>>> print(open('input_31.cif').read())   # mmCIF, C-alpha atoms
data_my_file
loop_
_atom_site.label_atom_id
_atom_site.label_comp_id
_atom_site.auth_asym_id
_atom_site.auth_seq_id
_atom_site.Cartn_x
_atom_site.Cartn_y
_atom_site.Cartn_z
CA MET I 1 61.11 15.55 -35.02
CA ASP I 2 62.37 18.78 -36.57
CA ARG I 3 63.84 18.93 -40.02
CA PRO I 4 67.31 20.42 -40.65
CA ASP I 5 65.85 23.64 -42.07
CA ARG I 6 63.73 24.14 -38.95
CA VAL I 7 66.51 23.73 -36.39
CA LYS I 8 68.31 27.01 -35.79
CA ASP I 9 71.54 27.84 -34.04
CA ARG I 10 69.98 30.40 -31.71
CA GLY I 11 72.30 33.25 -30.94
CA CYS I 12 75.02 31.44 -32.90
CA LEU I 13 75.92 29.71 -29.61
CA VAL I 14 77.06 26.47 -31.25
CA ALA I 15 79.22 28.45 -33.70
CA ILE I 16 80.80 30.41 -30.82
CA ILE I 17 81.41 27.20 -28.83
CA PHE I 18 83.26 25.52 -31.68
CA PHE I 19 85.31 28.67 -32.27
CA ILE I 20 86.30 28.61 -28.57
CA LEU I 21 87.09 24.89 -28.74
CA GLY I 22 89.27 25.48 -31.82
CA LEU I 23 91.10 28.22 -29.95
CA GLY I 24 91.56 25.90 -26.96
CA THR I 25 93.14 23.07 -28.96
CA LEU I 26 96.22 25.09 -29.95
CA LEU I 27 96.59 27.25 -26.85
CA PRO I 28 99.08 24.83 -25.20
CA TRP I 29 101.60 24.82 -28.06
CA ASN I 30 101.35 28.56 -28.65
CA PHE I 31 101.61 29.63 -25.01
CA PHE I 32 104.71 27.55 -24.40
CA MET I 33 106.30 28.68 -27.64
CA THR I 34 105.58 32.38 -27.08
CA ALA I 35 106.93 32.17 -23.50
CA SER I 36 110.36 31.03 -24.67
CA LEU I 37 111.92 34.25 -23.34
CA TYR I 38 110.73 33.41 -19.82
CA PHE I 39 111.96 29.82 -20.03
CA ASN I 40 115.34 30.78 -21.48
CA ASP I 41 115.79 33.34 -18.71
CA ARG I 42 115.23 30.65 -16.05
CA LEU I 43 117.46 28.21 -17.90
CA LYS I 44 120.54 30.40 -18.21
CA GLY I 45 123.34 27.89 -18.44
CA GLU I 46 125.01 26.60 -15.29
CA GLU I 47 128.69 27.50 -15.17
CA SER I 48 131.54 25.13 -14.29
CA TRP I 49 135.05 26.20 -13.37
CA ASN I 50 138.43 25.15 -14.68
CA ASP I 51 139.82 22.68 -12.12
CA SER I 52 143.40 23.28 -13.23
CA ASP I 53 143.14 26.94 -12.29
CA PRO I 54 140.29 27.31 -9.80
CA GLY I 55 141.33 30.73 -8.66
CA ASN I 56 141.25 32.49 -11.99
CA GLY I 57 137.57 33.41 -11.55
CA THR I 58 136.70 32.57 -15.14
CA ALA I 59 133.87 30.27 -16.16
CA VAL I 60 134.99 28.11 -19.02
CA ASN I 61 131.98 25.81 -19.46
CA ARG I 62 128.33 26.68 -19.68
CA THR I 63 125.47 24.22 -19.83
CA GLU I 64 123.24 24.93 -22.84
CA TYR I 65 119.72 23.53 -22.70
CA TYR I 66 118.55 24.49 -26.23
CA PHE I 67 115.05 25.01 -24.84
CA ASN I 68 113.49 26.16 -28.13
CA ASN I 69 114.71 23.07 -29.99
CA TRP I 70 113.61 20.60 -27.32
CA MET I 71 110.31 22.38 -26.79
CA THR I 72 109.53 22.14 -30.50
CA LEU I 73 110.55 18.49 -30.74
CA LEU I 74 108.70 17.37 -27.59
CA SER I 75 105.60 19.22 -28.76
CA GLN I 76 105.47 17.59 -32.17
CA LEU I 77 106.47 13.99 -31.38
CA PRO I 78 103.41 13.36 -29.16
CA LEU I 79 101.29 15.01 -31.84
CA LEU I 80 102.54 12.46 -34.36
CA LEU I 81 102.17 9.52 -31.94
CA PHE I 82 98.79 10.36 -30.42
CA THR I 83 97.25 11.44 -33.71
CA PHE I 84 97.88 7.86 -34.77
CA LEU I 85 96.72 6.36 -31.45
CA ASN I 86 93.52 8.41 -31.43
CA SER I 87 92.25 6.40 -34.42
CA PHE I 88 92.09 3.42 -32.01
CA LEU I 89 91.13 5.30 -28.84
CA TYR I 90 87.83 6.50 -30.26
CA GLN I 91 86.59 2.91 -30.33
CA LEU I 92 87.62 2.22 -26.72
CA ILE I 93 86.98 5.52 -24.93
CA SER I 94 83.84 7.65 -25.21
CA GLU I 95 84.01 10.97 -26.99
CA ARG I 96 82.90 12.85 -23.86
CA LEU I 97 85.70 11.33 -21.76
CA ARG I 98 88.34 11.95 -24.44
CA ILE I 99 87.44 15.62 -24.87
CA ALA I 100 86.55 16.63 -21.32
CA GLY I 101 89.33 14.48 -19.84
CA SER I 102 91.96 15.95 -22.17
CA LEU I 103 90.86 19.51 -21.35
CA LEU I 104 91.03 18.84 -17.60
CA PHE I 105 94.50 17.30 -17.79
CA ILE I 106 95.72 20.23 -19.92
CA LEU I 107 94.30 22.58 -17.28
CA LEU I 108 96.13 20.73 -14.49
CA PHE I 109 99.47 20.88 -16.30
CA PHE I 110 99.01 24.58 -17.05
CA LEU I 111 98.28 25.18 -13.35
CA LEU I 112 101.51 23.33 -12.54
CA THR I 113 103.42 25.58 -14.95
CA ALA I 114 101.89 28.68 -13.33
CA VAL I 115 102.77 27.46 -9.82
CA LEU I 116 106.37 26.74 -10.85
CA VAL I 117 106.80 30.44 -11.67
CA LYS I 118 106.94 31.07 -7.91
CA VAL I 119 108.99 27.96 -7.05
CA PRO I 120 112.80 28.38 -7.10
CA MET I 121 114.44 25.41 -8.83
CA GLU I 122 117.81 24.46 -10.22
CA PRO I 123 117.91 25.02 -14.00
CA GLY I 124 118.44 21.32 -14.74
CA VAL I 125 115.48 20.22 -12.62
CA PHE I 126 113.29 22.99 -14.02
CA PHE I 127 114.21 21.98 -17.56
CA SER I 128 113.27 18.32 -16.94
CA VAL I 129 109.95 19.19 -15.32
CA THR I 130 109.09 21.65 -18.10
CA MET I 131 109.92 19.16 -20.85
CA ALA I 132 107.76 16.49 -19.20
CA THR I 133 104.93 19.02 -18.90
CA ILE I 134 105.22 19.94 -22.57
CA TRP I 135 105.13 16.27 -23.59
CA PHE I 136 101.99 15.47 -21.57
CA ILE I 137 100.14 18.67 -22.50
CA ASN I 138 100.71 18.05 -26.21
CA SER I 139 99.78 14.36 -25.88
CA PHE I 140 96.40 15.28 -24.43
CA GLY I 141 96.18 18.11 -26.97
CA ALA I 142 96.57 15.64 -29.85
CA VAL I 143 93.73 13.46 -28.51
CA LEU I 144 91.61 16.57 -27.97
CA GLN I 145 92.22 17.91 -31.47
CA GLY I 146 91.51 14.61 -33.22
CA SER I 147 88.33 14.07 -31.20
CA LEU I 148 87.01 17.57 -31.86
CA PHE I 149 87.67 17.26 -35.60
CA GLY I 150 85.49 14.14 -35.58
CA LEU I 151 82.78 15.93 -33.57
CA VAL I 152 82.62 19.07 -35.69
CA GLY I 153 82.49 16.91 -38.82
CA LEU I 154 78.93 15.92 -37.85
CA LEU I 155 77.76 19.52 -38.26
CA PRO I 156 77.42 21.64 -41.44
CA GLN I 157 80.66 22.64 -43.17
CA LYS I 158 80.73 26.21 -41.86
CA TYR I 159 81.27 24.94 -38.32
CA SER I 160 84.46 23.18 -39.38
CA THR I 161 85.62 26.49 -40.87
CA LEU I 162 84.87 28.29 -37.60
CA PHE I 163 86.71 25.61 -35.63
CA MET I 164 89.83 25.99 -37.78
CA SER I 165 89.53 29.77 -37.62
CA GLY I 166 89.70 29.50 -33.83
CA GLN I 167 92.82 27.37 -34.19
CA GLY I 168 94.36 29.95 -36.50
CA LEU I 169 93.89 32.73 -33.95
CA ALA I 170 95.35 30.78 -31.01
CA GLY I 171 98.87 31.97 -31.79
CA THR I 172 97.80 35.60 -32.08
CA PHE I 173 95.96 35.28 -28.76
CA ALA I 174 99.11 33.93 -27.08
CA ALA I 175 101.33 36.65 -28.58
CA LEU I 176 98.95 39.40 -27.44
CA ALA I 177 98.81 37.88 -23.95
CA MET I 178 102.61 38.00 -23.80
CA LEU I 179 102.65 41.65 -24.89
CA LEU I 180 100.08 42.56 -22.21
CA ALA I 181 102.16 40.74 -19.58
CA LEU I 182 105.31 42.58 -20.65
CA SER I 183 103.61 45.99 -20.72
CA SER I 184 101.87 45.53 -17.37
CA GLY I 185 104.69 47.28 -15.52
CA THR I 186 105.09 44.45 -13.01
CA ASP I 187 108.22 42.42 -12.29
CA SER I 188 109.04 39.55 -14.66
CA GLU I 189 107.91 36.86 -12.20
CA THR I 190 104.46 38.39 -11.69
CA ALA I 191 104.11 39.00 -15.44
CA ALA I 192 104.94 35.33 -16.15
CA LEU I 193 102.41 34.20 -13.54
CA GLY I 194 99.69 36.33 -15.13
CA TYR I 195 100.66 35.03 -18.55
CA PHE I 196 100.27 31.35 -17.57
CA ILE I 197 97.04 31.97 -15.69
CA THR I 198 95.52 33.22 -18.97
CA PRO I 199 95.48 29.79 -20.72
CA CYS I 200 94.12 28.27 -17.49
CA VAL I 201 91.14 30.60 -17.78
CA GLY I 202 90.89 29.86 -21.51
CA THR I 203 90.89 26.10 -20.87
CA LEU I 204 88.20 26.49 -18.18
CA VAL I 205 86.06 28.39 -20.68
CA SER I 206 86.63 25.56 -23.20
CA VAL I 207 85.51 22.97 -20.63
CA ALA I 208 82.38 24.97 -19.80
CA SER I 209 81.62 25.48 -23.49
CA TYR I 210 81.94 21.77 -24.25
CA LEU I 211 79.68 20.83 -21.31
CA LEU I 212 77.09 23.35 -22.53
CA LEU I 213 77.09 21.96 -26.07
CA PRO I 214 74.80 18.91 -25.47
CA GLN I 215 72.18 21.19 -23.88
CA LEU I 216 71.63 23.18 -27.09
CA GLU I 217 68.87 22.02 -29.43
CA PHE I 218 70.88 22.67 -32.59
CA ALA I 219 73.81 20.60 -31.31
CA GLN I 220 71.48 17.84 -30.10
CA PHE I 221 69.97 17.52 -33.55
CA TYR I 222 73.29 17.02 -35.36
CA LEU I 223 75.34 15.27 -32.67
CA ASN I 224 72.66 12.76 -31.63
CA LYS I 225 72.82 9.97 -34.19
CA SER I 226 69.39 8.66 -33.23
CA ASN I 227 67.94 12.05 -34.11
CA GLN I 228 69.65 11.90 -37.48
CA LYS I 229 68.11 8.48 -38.07
CA LYS I 230 64.62 9.69 -37.11
CA ASN I 231 65.00 12.72 -39.34
CA TYR I 232 65.89 10.40 -42.19
CA GLU I 233 62.70 8.44 -41.59
CA LEU I 234 60.61 11.62 -41.74
CA GLU I 235 61.76 12.59 -45.21
CA SER I 236 59.50 12.14 -48.24
CA ASN I 237 59.31 8.81 -50.03
CA ASP I 238 60.77 10.31 -53.18
CA THR I 239 63.80 11.60 -51.30
CA LEU I 240 64.23 8.27 -49.57
CA LEU I 241 64.09 6.41 -52.86
CA ASN I 242 66.66 8.73 -54.35
CA LYS I 243 68.95 8.33 -51.32
CA GLU I 244 68.58 4.56 -51.27
CA SER I 245 69.40 4.41 -54.97
CA ALA I 246 72.43 6.62 -54.44
CA ALA I 247 73.47 4.49 -51.46
CA LEU I 248 73.28 1.32 -53.55
CA GLN I 249 75.39 2.93 -56.23
CA GLU I 250 77.87 4.08 -53.59
CA ASP I 251 78.08 0.59 -52.11
CA GLY I 252 78.99 -0.66 -55.56
CA LYS I 253 81.99 1.63 -55.55
CA GLN I 254 84.59 -0.09 -53.45
CA LYS I 255 86.92 2.16 -51.53
CA SER I 256 90.44 2.34 -52.84
CA SER I 257 93.29 0.87 -50.86
CA LEU I 258 95.40 3.09 -48.64
CA TRP I 259 98.30 2.79 -51.08
CA ASP I 260 96.14 3.80 -54.05
CA VAL I 261 94.86 6.87 -52.20
CA LEU I 262 98.40 7.80 -51.21
CA LYS I 263 99.56 7.59 -54.83
CA GLN I 264 96.80 10.00 -55.84
CA ILE I 265 97.60 12.58 -53.18
CA ARG I 266 101.37 12.03 -53.05
CA VAL I 267 102.13 15.53 -54.34
CA MET I 268 99.95 17.18 -51.68
CA ALA I 269 101.37 14.85 -49.01
CA PHE I 270 104.86 15.96 -50.00
CA CYS I 271 103.79 19.62 -50.00
CA ILE I 272 102.26 19.60 -46.50
CA THR I 273 105.27 17.72 -45.13
CA PHE I 274 107.78 20.05 -46.78
CA VAL I 275 105.96 23.24 -45.74
CA PHE I 276 105.99 22.31 -42.06
CA THR I 277 109.53 20.91 -42.21
CA VAL I 278 110.80 24.27 -43.49
CA THR I 279 108.67 26.28 -41.06
CA LEU I 280 109.50 24.35 -37.87
CA SER I 281 113.20 24.04 -38.75
CA VAL I 282 113.76 27.74 -38.02
CA PHE I 283 110.63 28.89 -36.18
CA PRO I 284 110.92 29.36 -33.29
CA ALA I 285 114.32 27.68 -32.65
CA VAL I 286 116.30 30.19 -34.76
CA THR I 287 113.97 33.18 -35.13
CA VAL I 288 113.46 33.59 -31.37
CA ASP I 289 117.19 34.31 -30.95
CA VAL I 290 117.25 37.19 -33.44
CA LYS I 291 118.12 40.40 -31.57
CA THR I 292 117.21 44.00 -32.32
CA VAL I 293 119.84 46.61 -33.18
CA TYR I 294 117.97 49.24 -31.16
CA THR I 295 117.90 49.97 -27.43
CA GLY I 296 115.70 52.02 -25.15
CA GLY I 297 113.09 49.45 -24.23
CA TRP I 298 112.26 48.18 -27.72
CA GLU I 299 114.37 45.05 -27.17
CA ARG I 300 111.79 43.95 -24.57
CA TYR I 301 109.05 43.82 -27.22
CA PHE I 302 111.08 42.95 -30.30
CA THR I 303 110.72 39.15 -30.16
CA PRO I 304 107.03 39.05 -29.13
CA VAL I 305 106.12 41.51 -31.91
CA CYS I 306 108.48 40.76 -34.82
CA CYS I 307 108.72 37.01 -34.27
CA PHE I 308 105.56 35.63 -32.67
CA LEU I 309 102.85 38.20 -33.39
CA ALA I 310 104.01 38.79 -36.96
CA PHE I 311 104.17 35.05 -37.68
CA ASN I 312 100.76 34.20 -36.25
CA VAL I 313 98.89 37.12 -37.78
CA MET I 314 100.34 36.54 -41.25
CA ASP I 315 99.95 32.75 -41.04
CA TRP I 316 96.24 33.29 -40.31
CA ALA I 317 96.08 35.84 -43.16
CA GLY I 318 97.66 33.33 -45.56
CA ARG I 319 95.04 30.73 -44.67
CA THR I 320 92.25 33.28 -45.09
CA VAL I 321 93.47 34.42 -48.51
CA THR I 322 92.76 30.94 -49.92
CA SER I 323 89.03 31.65 -49.54
CA PHE I 324 89.40 34.18 -52.37
CA VAL I 325 92.53 33.18 -54.32
CA ARG I 326 93.61 29.63 -55.15
CA TRP I 327 96.71 29.73 -57.29
CA PRO I 328 98.36 27.60 -58.54
CA ARG I 329 95.60 25.09 -59.25
CA LYS I 330 95.80 21.61 -57.77
CA GLU I 331 96.88 20.03 -61.09
CA SER I 332 99.60 22.60 -61.73
CA PRO I 333 103.25 21.55 -61.31
CA LEU I 334 103.89 25.12 -60.15
CA PHE I 335 102.40 24.41 -56.72
CA PRO I 336 105.10 21.97 -55.52
CA VAL I 337 107.69 24.32 -57.06
CA LEU I 338 106.24 27.19 -55.00
CA VAL I 339 106.38 25.02 -51.87
CA CYS I 340 110.01 24.05 -52.53
CA CYS I 341 110.99 27.68 -53.07
CA ARG I 342 110.21 28.36 -49.40
CA VAL I 343 113.45 26.62 -48.49
CA VAL I 344 115.21 29.92 -49.29
CA PHE I 345 113.84 31.32 -46.01
CA ILE I 346 116.05 28.96 -43.99
CA PRO I 347 119.42 30.55 -44.93
CA LEU I 348 117.91 34.05 -45.05
CA LEU I 349 116.62 33.84 -41.48
CA MET I 350 119.83 32.18 -40.27
CA LEU I 351 121.81 35.14 -41.66
CA CYS I 352 119.78 37.63 -39.61
CA ASN I 353 121.08 38.97 -36.30
CA VAL I 354 120.83 35.67 -34.41
CA GLN I 355 122.71 35.72 -31.09
CA GLU I 356 124.68 33.80 -29.87
CA ARG I 357 126.28 32.52 -33.07
CA SER I 358 129.41 30.52 -33.86
CA TYR I 359 129.92 30.04 -37.60
CA LEU I 360 127.78 32.09 -39.97
CA PRO I 361 128.15 35.84 -40.48
CA VAL I 362 125.35 38.37 -39.95
CA LEU I 363 124.25 39.71 -43.34
CA PHE I 364 120.86 41.15 -42.37
CA SER I 365 121.25 42.93 -39.06
CA HIS I 366 118.46 45.50 -39.39
CA ASP I 367 115.10 44.87 -37.70
CA VAL I 368 113.13 45.83 -40.81
CA VAL I 369 114.77 43.11 -42.92
CA PHE I 370 113.97 40.46 -40.32
CA ALA I 371 110.38 41.69 -39.97
CA LEU I 372 109.82 41.59 -43.75
CA LEU I 373 111.30 38.10 -43.98
CA MET I 374 109.02 36.91 -41.16
CA LEU I 375 105.95 38.39 -42.87
CA LEU I 376 106.69 36.60 -46.15
CA PHE I 377 107.77 33.42 -44.37
CA SER I 378 104.54 33.14 -42.35
CA LEU I 379 102.19 34.31 -45.11
CA SER I 380 103.54 31.69 -47.52
CA SER I 381 103.36 29.02 -44.80
CA GLY I 382 99.68 29.60 -44.07
CA TYR I 383 98.83 29.88 -47.76
CA CYS I 384 100.60 26.66 -48.81
CA VAL I 385 99.30 24.69 -45.82
CA CYS I 386 95.70 25.61 -46.49
CA LEU I 387 95.97 24.87 -50.22
CA SER I 388 97.59 21.48 -49.59
CA MET I 389 94.94 20.41 -47.08
CA SER I 390 92.03 21.56 -49.25
CA TYR I 391 93.39 20.18 -52.54
CA ALA I 392 94.09 16.62 -51.33
CA PRO I 393 90.43 15.42 -50.91
CA GLN I 394 89.64 16.86 -54.35
CA LEU I 395 92.18 14.55 -56.00
CA VAL I 396 90.42 11.33 -54.97
CA LYS I 397 86.98 9.78 -55.39
CA PRO I 398 84.28 10.98 -52.96
CA GLN I 399 84.35 7.69 -51.04
CA ASP I 400 88.12 8.08 -50.53
CA ALA I 401 88.02 11.67 -49.26
CA GLU I 402 88.02 10.62 -45.59
CA THR I 403 91.06 8.40 -46.13
CA ALA I 404 92.85 11.24 -47.92
CA GLY I 405 92.12 13.57 -45.01
CA ALA I 406 93.49 11.09 -42.48
CA LEU I 407 96.66 10.60 -44.53
CA MET I 408 97.18 14.35 -44.85
CA THR I 409 96.83 14.75 -41.07
CA PHE I 410 99.57 12.16 -40.61
CA PHE I 411 101.90 13.89 -43.09
CA LEU I 412 101.17 17.23 -41.42
CA ALA I 413 102.34 15.78 -38.09
CA LEU I 414 105.32 14.17 -39.85
CA GLY I 415 106.39 17.54 -41.28
CA LEU I 416 106.16 19.15 -37.84
CA SER I 417 108.33 16.41 -36.32
CA LEU I 418 110.93 16.54 -39.11
CA GLY I 419 111.15 20.31 -38.82
CA ALA I 420 111.58 20.07 -35.05
CA ALA I 421 114.39 17.53 -35.45
CA LEU I 422 116.09 19.62 -38.17
CA SER I 423 116.07 22.70 -35.91
CA PHE I 424 118.89 21.22 -33.79
CA PRO I 425 121.63 21.11 -36.48
CA LEU I 426 120.44 24.37 -38.05
CA ARG I 427 120.62 26.28 -34.75
CA ALA I 428 124.06 24.76 -34.07
CA LEU I 429 125.22 25.79 -37.54
CA VAL I 430 124.47 29.44 -36.85
#
>>> encode(input="input_31.cif", output="structure tokens")
Amino acid sequence: MDRPDRVKDRGCLVAIIFFILGLGTLLPWNFFMTASLYFNDRLKGEESWNDSDPGNGTAVNRTEYYFNNWMTLLSQLPLLLFTFLNSFLYQLISERLRIAGSLLFILLFFLLTAVLVKVPMEPGVFFSVTMATIWFINSFGAVLQGSLFGLVGLLPQKYSTLFMSGQGLAGTFAALAMLLALSSGTDSETAALGYFITPCVGTLVSVASYLLLPQLEFAQFYLNKSNQKKNYELESNDTLLNKESAALQEDGKQKSSLWDVLKQIRVMAFCITFVFTVTLSVFPAVTVDVKTVYTGGWERYFTPVCCFLAFNVMDWAGRTVTSFVRWPRKESPLFPVLVCCRVVFIPLLMLCNVQERSYLPVLFSHDVVFALLMLLFSLSSGYCVCLSMSYAPQLVKPQDAETAGALMTFFLALGLSLGAALSFPLRALV
């Protein structure tokens, strides 16, 4: 049996596979979010006529579907629910079935979405089918993400970093795909079809990558628990004695209760919840409706570039910066203050050129102002999220780090759900 230092990731294949799998976990959410222009175009409100004066030719009522709000909410609620359920599913359903099965169901629902591009439907029916699709795709996505986090945790730390890096680039990938579809020169229907075929191909690549993983020697060594046990038996007696001694000492340290761990990480739990509540309350429900002041073709690319691409690139940059700069420190009271200060972005973005609007005035109509606000908004989001998630395990004892991570995942999902719910009144207030 090989030792860890003798098993090599040949051609970095395992690293590439986990990067692809990380990308695949967040493709569903990002592709639906970035395609909001297509969905809103198909869901243009149905008009009803004034019965008291049917001949006046004026539509007085228009059905509003609030697609961006519902899409955000029905994406995050299953994330919250199935992240919790996955902690029980892993004991009842094999890891292979959870991961491969989730990928296949996501693929089927994406194929359905692509087919519907060519199927004429009433707006109300199309809305219901799309919302159901979003719910199921994100339910399977939550199981997939939780299962893959458990799988990559069996490998060295750098593979977890690569997995999360793939997740961070999923949004950029979706935004670039939308730009390519828009610039293809084809009609909007064909462009939308090409756009939704792209994640189908990406999901197929993820399935193939996952099926290839068990065939690689490096993956076999770390993912096969019997191999890990045999490797343990091959180590020197001195090392074994040291490990057994450490294990006995560890056994003597009883794990803290869930409540005790929560008290220790309560500041970070608040931070991760608040960051995502602020972010999801206006992105994309409010920001996607900001309009450019220019004409001449730029309006076609304004939202994909200034809203989606800018957010995803800078969010990824904010997460990356934490590899070099970590300020404020985890003990500093300045960190929660910094997180709370992000709430200023909510009114600032609502006062941009959001159309249609009912109550608030437009104070920042220029495209440059909106673009700068989006850059700062997304950079601070990625930075604060990454710091919160990395600081929490450091605030507890080593044996409680896993519990702290699980709690932080729950509060992350809670923040996403709260932000999605808050987006309804905020969009109505504009």
>>> residues_around(input="input_31.cif", residues="Thr25 in chain I", least_positions_apart="4", cutoff="10 Å", atoms="only C-alpha atoms", output="PyMOL selection string")
chain I and resi 20-21+29-30+102-103+106+138+140-146+148+163-164+166-167+170+203+206
>>> atom_distance(input="input_31.cif", atom1="CA of Val325 in chain I", atom2="CA of Cys386 in chain I")
11.3 Å
>>> closest_residue(input="input_31.cif", among="I:Ser380, I:Ser365, I:Ser209, I:Thr198", to="Thr279 in chain I", atoms="all atoms listed in the file")
I:Ser380
>>> atom_distance(input="input_31.cif", atom1="CA of Pro304 in chain I", atom2="CA of Asn68 in chain I")
14.5 Å
>>> atom_distance(input="input_31.cif", atom1="CA of Arg42 in chain I", atom2="CA of Val117 in chain I")
9.5 Å
>>> resolve_selection(input="input_31.cif", expression="the PyMOL selection byres ((chain I and resi 213) around 12)", output="mmCIF file with C-alpha atoms, in the coordinates of the input")
data_model
loop_
_atom_site.group_PDB
_atom_site.id
_atom_site.type_symbol
_atom_site.label_atom_id
_atom_site.label_comp_id
_atom_site.auth_asym_id
_atom_site.auth_seq_id
_atom_site.Cartn_x
_atom_site.Cartn_y
_atom_site.Cartn_z
ATOM 1 C CA ASP I 9 71.540 27.840 -34.040
ATOM 2 C CA CYS I 12 75.020 31.440 -32.900
ATOM 3 C CA LEU I 13 75.920 29.710 -29.610
ATOM 4 C CA VAL I 14 77.060 26.470 -31.250
ATOM 5 C CA ALA I 15 79.220 28.450 -33.700
ATOM 6 C CA ILE I 16 80.800 30.410 -30.820
ATOM 7 C CA ILE I 17 81.410 27.200 -28.830
ATOM 8 C CA PHE I 18 83.260 25.520 -31.680
ATOM 9 C CA ILE I 20 86.300 28.610 -28.570
ATOM 10 C CA LEU I 21 87.090 24.890 -28.740
ATOM 11 C CA ARG I 96 82.900 12.850 -23.860
ATOM 12 C CA ALA I 100 86.550 16.630 -21.320
ATOM 13 C CA LEU I 151 82.780 15.930 -33.570
ATOM 14 C CA VAL I 152 82.620 19.070 -35.690
ATOM 15 C CA SER I 206 86.630 25.560 -23.200
ATOM 16 C CA VAL I 207 85.510 22.970 -20.630
ATOM 17 C CA ALA I 208 82.380 24.970 -19.800
ATOM 18 C CA SER I 209 81.620 25.480 -23.490
ATOM 19 C CA TYR I 210 81.940 21.770 -24.250
ATOM 20 C CA LEU I 211 79.680 20.830 -21.310
ATOM 21 C CA LEU I 212 77.090 23.350 -22.530
ATOM 22 C CA PRO I 214 74.800 18.910 -25.470
ATOM 23 C CA GLN I 215 72.180 21.190 -23.880
ATOM 24 C CA LEU I 216 71.630 23.180 -27.090
ATOM 25 C CA GLU I 217 68.870 22.020 -29.430
ATOM 26 C CA PHE I 218 70.880 22.670 -32.590
ATOM 27 C CA ALA I 219 73.810 20.600 -31.310
ATOM 28 C CA GLN I 220 71.480 17.840 -30.100
ATOM 29 C CA PHE I 221 69.970 17.520 -33.550
ATOM 30 C CA TYR I 222 73.290 17.020 -35.360
ATOM 31 C CA LEU I 223 75.340 15.270 -32.670
ATOM 32 C CA ASN I 224 72.660 12.760 -31.630
#
>>> closest_atom_pairs(input="input_31.cif", of="range 354-426 of chain I", to="range 264-277 of chain I", cutoff="7 Å", atoms="only C-alpha atoms", output="JSON lines")
{"residue": "I:Ser381", "atom": "CA", "partner": "I:Val275", "partner_atom": "CA", "distance": 6.4}
{"residue": "I:Val385", "atom": "CA", "partner": "I:Ile272", "partner_atom": "CA", "distance": 5.9}
{"residue": "I:Ser388", "atom": "CA", "partner": "I:Met268", "partner_atom": "CA", "distance": 5.3}
{"residue": "I:Ala392", "atom": "CA", "partner": "I:Ile265", "partner_atom": "CA", "distance": 5.7}
{"residue": "I:Leu395", "atom": "CA", "partner": "I:Ile265", "partner_atom": "CA", "distance": 6.4}
{"residue": "I:Val396", "atom": "CA", "partner": "I:Gln264", "partner_atom": "CA", "distance": 6.6}
{"residue": "I:Met408", "atom": "CA", "partner": "I:Ala269", "partner_atom": "CA", "distance": 5.9}
{"residue": "I:Phe411", "atom": "CA", "partner": "I:Thr273", "partner_atom": "CA", "distance": 5.5}
{"residue": "I:Leu412", "atom": "CA", "partner": "I:Thr273", "partner_atom": "CA", "distance": 5.6}
{"residue": "I:Leu414", "atom": "CA", "partner": "I:Thr273", "partner_atom": "CA", "distance": 6.4}
{"residue": "I:Gly415", "atom": "CA", "partner": "I:Thr273", "partner_atom": "CA", "distance": 4.0}
{"residue": "I:Leu416", "atom": "CA", "partner": "I:Phe276", "partner_atom": "CA", "distance": 5.3}
{"residue": "I:Leu418", "atom": "CA", "partner": "I:Thr277", "partner_atom": "CA", "distance": 5.5}
{"residue": "I:Gly419", "atom": "CA", "partner": "I:Thr277", "partner_atom": "CA", "distance": 3.8}
>>> write_last_selection(input="input_31.cif", atoms="C-alpha atoms", output="compact mmCIF listing (two decimals), keeping the file's coordinate frame")
# COMPACT_ATOMS: atom_id res chain seq x y z
CA SER I 381 103.36 29.02 -44.80
CA VAL I 385 99.30 24.69 -45.82
CA SER I 388 97.59 21.48 -49.59
CA ALA I 392 94.09 16.62 -51.33
CA LEU I 395 92.18 14.55 -56.00
CA VAL I 396 90.42 11.33 -54.97
CA MET I 408 97.18 14.35 -44.85
CA PHE I 411 101.90 13.89 -43.09
CA LEU I 412 101.17 17.23 -41.42
CA LEU I 414 105.32 14.17 -39.85
CA GLY I 415 106.39 17.54 -41.28
CA LEU I 416 106.16 19.15 -37.84
CA LEU I 418 110.93 16.54 -39.11
CA GLY I 419 111.15 20.31 -38.82
>>> residues_around(input="input_31.cif", residues="Leu426 in chain I", least_positions_apart="6", cutoff="10 Å", atoms="all atoms listed in the file", output="list of chain:residue names")
I:Asn69, I:Ser281, I:Val282, I:Ala285, I:Val286, I:Ile346, I:Pro347, I:Met350
>>> closest_residue(input="input_31.cif", among="I:Val305, I:Val278, I:Ala191, I:Cys341", to="Thr292 in chain I", atoms="all atoms listed in the file")
I:Val305
>>> closest_residue(input="input_31.cif", among="I:Arg326, I:Phe424, I:Asp260, I:Phe109", to="Thr130 in chain I", atoms="all atoms listed in the file")
I:Phe109
>>> closest_residue(input="input_31.cif", among="I:Leu387, I:Met71, I:Asp289, I:His366", to="Pro336 in chain I", atoms="only C-alpha atoms")
I:Leu387
>>> axis_aligned_box(input="input_31.cif", around="range 119-138 of chain I", padding_each_side="5 Å", output="lines of an AutoDock Vina configuration file")
center_x = 109.3
center_y = 21.9
center_z = -16.6
size_x = 28.3
size_y = 22.9
size_z = 29.2
>>> closest_residue(input="input_31.cif", among="I:Pro284, I:Gly382, I:Pro328, I:Gly150", to="Leu349 in chain I", atoms="only C-alpha atoms")
I:Pro284
>>> resolve_selection(input="input_31.cif", expression="the PyMOL selection byres ((chain I and resi 362) around 7)", output="number ranges by chain")
I: 351-353, 360-361, 363-365
